[in-house]
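Below is one structure, written out as structure tokens, with a few remarks after it.
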Amino acid sequence: MDGELLSETFVELTDTLVADFDMIDFLHVLTDRSVKLLDVSAAGLLLADPRGELRVVAASSEAARLLELFQLQNDQGPCLDSFRTGQPVSAADLDAEAQRWPRFAAAARLSGFAAVQALPMRLRDQVIGALNLFRASPGAFAPGDVRVGQALADVATISLLHERSLRHSDTLNEQLQAALNSRVVIEQAKGKLAERLGLNMEQAFVLLRDYARNHNLRLADLAQAFIDGTQTVVGQAVAAEPRTTARTGQPHNPARPAPPQAPPGNGAPAGEQAT
Amino acid sequence: MMRDRASRVWGLVAIRASLRGGSVSAADVCTAAVASVEVTGAWLIAAANADAGHLMSVTDEVSEHLAELELTLGEGPSLDAFASGGPALASDLRTREAASRWPAFAVAATEAGAGAIFAFPLRIGAIRAGVLGVYRARPGPLTAFQLGDALVFADTATLLLLEAQDETAGGRDPAAGPGGQPADLALHRAEIDQATGMLTEQLGTGIAEALLRLRAYAYAHDRRLADVAGDIVGRRLRLSAEADLTGDGGG
């Protein structure tokens with residue numbers, strides 16, 4: 001295990017009090033680093049929506065089948081069990097779990113996963129979701145990996161629930177709902193970009209993510225601007241807005257007027273901004 | 001679990017409409033939300049873009065005053081919710097927290113008789129339809145259950161306002177889903193969002209209209225929304241701008 005990366009990850013997972021905290025980016029750190037630090041092939045994070053279901057908020061890979069697998073866990077699967085019990089749930093060999101989770105085990109095997117470990121996102125009595133770790137080969141997860149995975153999940157949970165103020169549960173719910181909506185914006189943008197350039201969803205996501213990183217934009221802001229037609233993703237950057245610093249208290253207005261004309265190659269149909 | 005809740009909320013809204021003897025409207029969402037979320041009043045603002053928005057419905061004078069205060073002062077929970085895509089939850093307007101967030105509004109709203117305000121954006125990803133606001137005369141947070149209900153009332157209002165823009169919907173029940181399913185508004189599936197994004201390109205429309213066209217297609221073919229979305233994402237189905245909504249067009 002990369003000790004330096006581990007330390008860095010812990011620092012990043014406690015860094016939620018910054019002015020421009022972005023929950024989607026934060027949760028992607030948790031899933032991406034889980035894959036880099038632990039002997040796992042994929043990681044995904046589900047958080048509880050107060051509407052009454054678990055929602056996918058981050059995944060180390062955007063492969064459609066993986067997302068589907070996470071979503072299936074509203075009905076059954078280790079993540080749901082871990083969320084309900086607040087305890088880790090492991091399955092070293094999914095072939096042996098056909099009775100426990102018939103649909104999930106079959107879907108996971110189809111997606112190329114043989115073992116799964118779910119870790120609760122929990123602080124005392126409060127369970128806010130669960131982290132899923134997948135491995136392609138069967139066998140028990142190394143105890144050290146499980147401990148570190150749980151520690152990462154714990155630190156992230158504590159950071160999210162951090163008592164910033166008396167209204168901390170209001171703050172968490174505000175951020176969670178904004179993050180869930182951002183997830184939807186990102187999926188919509190992936191679809192639009194995939195269709196425009198003839199890409200699959202994974203390629204579209206990588207393009208969006210890299211573009212956001214290279215231009216110092218929030219992924220969700222870029223996705224929104226791309227759909228609104230005020231931002232292209234390929235070719236010249238147009239109307240790129242610098243990463244906002246006015247995050248706390250005063251959310252910036254993403255609905256600012258579009259630039260007067262569409263750039264060459266943008267292809268945004270006329271009148272799109274009218275909606 | 002989620003679908004049950006969406007069906008229940010839709011039922012509460014539909015009952016209000018039938019008591020009034022009309023078809024379901026924004027007013028019904030507000031009155032049903034007041035009873036179910038256990039708040040004092042509610043208001044609904046329709047706004048598709050950065051414009052000030054249009055106050056569609058209020059349940060009482062205080063609600064109307066609160067909505068107008070925000071527009072006058074240019075700050076407040078509804079405006080924040082619209083801009084951020086997440087709700088603005090203020091369990092106690094008398095706190096320093098609320099005062100620093102909305103210096104003018106927090107004081108004015110307290111004087112107007114509000115102890116707590118909760119505003120919910122009407123959003124499906126990049127699609128904006130407006131804001132649902134509720135207030136309580138006395139301060140205090142929403143329970144997790146009330147918060148969940150309020151979010152589903154907002155989802156219901158979102159589809160109601162969106163479908164009101166769609167001439168082809170023809171008084172369709174916005175919550176009775178295609179394919180004989182109950183309330184598909186409850187289904188949070190990445191494929192539906194991806195397919196909506198793809199349709200903006202295929203149809204050359206904005207994102208809101210793309211979703212309406214996706215829903216209309218599913219209705220017309222009596223198929224589940226998620227299945228149609230899966231076919232679009234799997235590139236087994238394309239919709240074209242000319243495709244008729246009743247026949248085989250677009251397939």
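Going by the structure tokens order, chains are called A, B, ..., each with residues numbered from 1, while ligands are numbered from 1 in the order shown.
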- [ ] Using only C-alpha atoms, select each residue of chain B with any atom at most 7 Å away from an atom of chain A, and give the selection as number ranges by chain.
- [x] B: 1-2, 48-50, 80, 83-89, 101, 124-126, 144, 147-149, 151-152, 190, 193-198, 200-201, 204-206
Open item on the list: If DSSP is run on the backbone, what residues of range 17-177 of chain B are strand (DSSP E or B)? A reply as a VMD selection string would be ideal.
Closed with: chain B and resid 41 to 46 54 to 58 88 to 90 116 to 124 127 to 136 176
TODO: Considering only C-alpha atoms, state which residue in the set B:Ala67, B:Leu161, B:Leu55, B:Thr31 is at the smallest distance from Leu19 in chain B.
DONE: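 Between B:Ala67, B:Leu161, B:Leu55, B:Thr31, the residue approaching Leu19 in chain B most closely is B:Thr31.
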Open item on the list: Quick check, in Å to one decimal: how far apart do CA of Leu45 in chain A and CA of Leu152 in chain A lie?
Closed with: 12.1 Å
Open item on the list: as an NGL selection string, please: every residue in range 73-250 of chain B that a backbone DSSP assignment puts in alpha helix (DSSP H).
Closed with: :B and (73 or 77-84 or 96-101 or 103-112 or 144-164 or 190-203 or 207-220 or 225-233)
- [ ] Have a look at A:Leu161, A:Arg213, A:Ala59, A:Met121 and name the one nearest to Leu17 in chain A; count only C-alpha atoms.
- [x] A:Leu161
- [ ] Please identify all polymer residues within 8 Å of range 20-25 of chain B, counting only C-alpha atoms, omitting same-chain residues fewer than 6 positions from it, and present them as a list in words.
- [x]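 The residues satisfying every condition are Val13, Ala14 and Leu160 of chain B.
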Kindly export the residues of the current selection with C-alpha atoms, as an mmCIF file, in the first residue's frame.
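Contents of part-v1.cif, freshly written:
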data_model
loop_
_atom_site.group_PDB
_atom_site.id
_atom_site.type_symbol
_atom_site.label_atom_id
_atom_site.label_comp_id
_atom_site.auth_asym_id
_atom_site.auth_seq_id
_atom_site.Cartn_x
_atom_site.Cartn_y
_atom_site.Cartn_z
ATOM 1 C CA VAL B 13 -52.311 15.725 -4.642
ATOM 2 C CA ALA B 14 -54.980 14.069 -6.805
ATOM 3 C CA LEU B 160 -46.543 18.839 -13.404
#
TODO: Between A:Ser82, A:Gly77, A:Arg124, A:Val11, single out the one closest to Ala108 in chain A, counting only C-alpha atoms.
DONE: A:Gly77
Open item on the list: Report as an NGL selection string all protein, DNA and RNA residues lying within 7 Å of Ala32 in chain B, evaluated on only C-alpha atoms, omitting residues in the same chain fewer than 3 positions from it.
Closed with: :B and (12-13 or 16 or 28-29 or 35-36)
Task: Which residue of A:Ser137, A:His28, A:Gln117, A:Glu62 approaches Leu207 in chain A most closely, using only C-alpha atoms - done: A:Glu62
TODO: Extract, using only C-alpha atoms, all DNA, RNA and protein residues at most 8 Å from Cys30 in chain B, discarding same-chain residues fewer than 5 positions from it, and format them as a VMD selection string.
DONE: chain B and resid 41 to 44 57 to 59
Prev. selection, C-alpha atoms, output as a PDB file, in the first residue's frame:
ATOM      1  CA  GLY B  41     -47.987  27.405   4.337  1.00  0.00           C
ATOM      2  CA  ALA B  42     -46.514  26.756   0.901  1.00  0.00           C
ATOM      3  CA  TRP B  43     -45.872  28.544  -2.390  1.00  0.00           C
ATOM      4  CA  LEU B  44     -44.860  27.449  -5.836  1.00  0.00           C
ATOM      5  CA  SER B  57     -49.766  29.378  -6.173  1.00  0.00           C
ATOM      6  CA  VAL B  58     -49.765  30.276  -2.468  1.00  0.00           C
ATOM      7  CA  THR B  59     -51.717  28.757   0.375  1.00  0.00           C
TER       8      THR B  59
END
Open item on the list: So the first atom is CA of Ala90 in chain B and the second is CA of Leu73 in chain B; what is the distance between them in Å, to one decimal place?
Closed with: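 Interatomic distance here is 17.4 Å.
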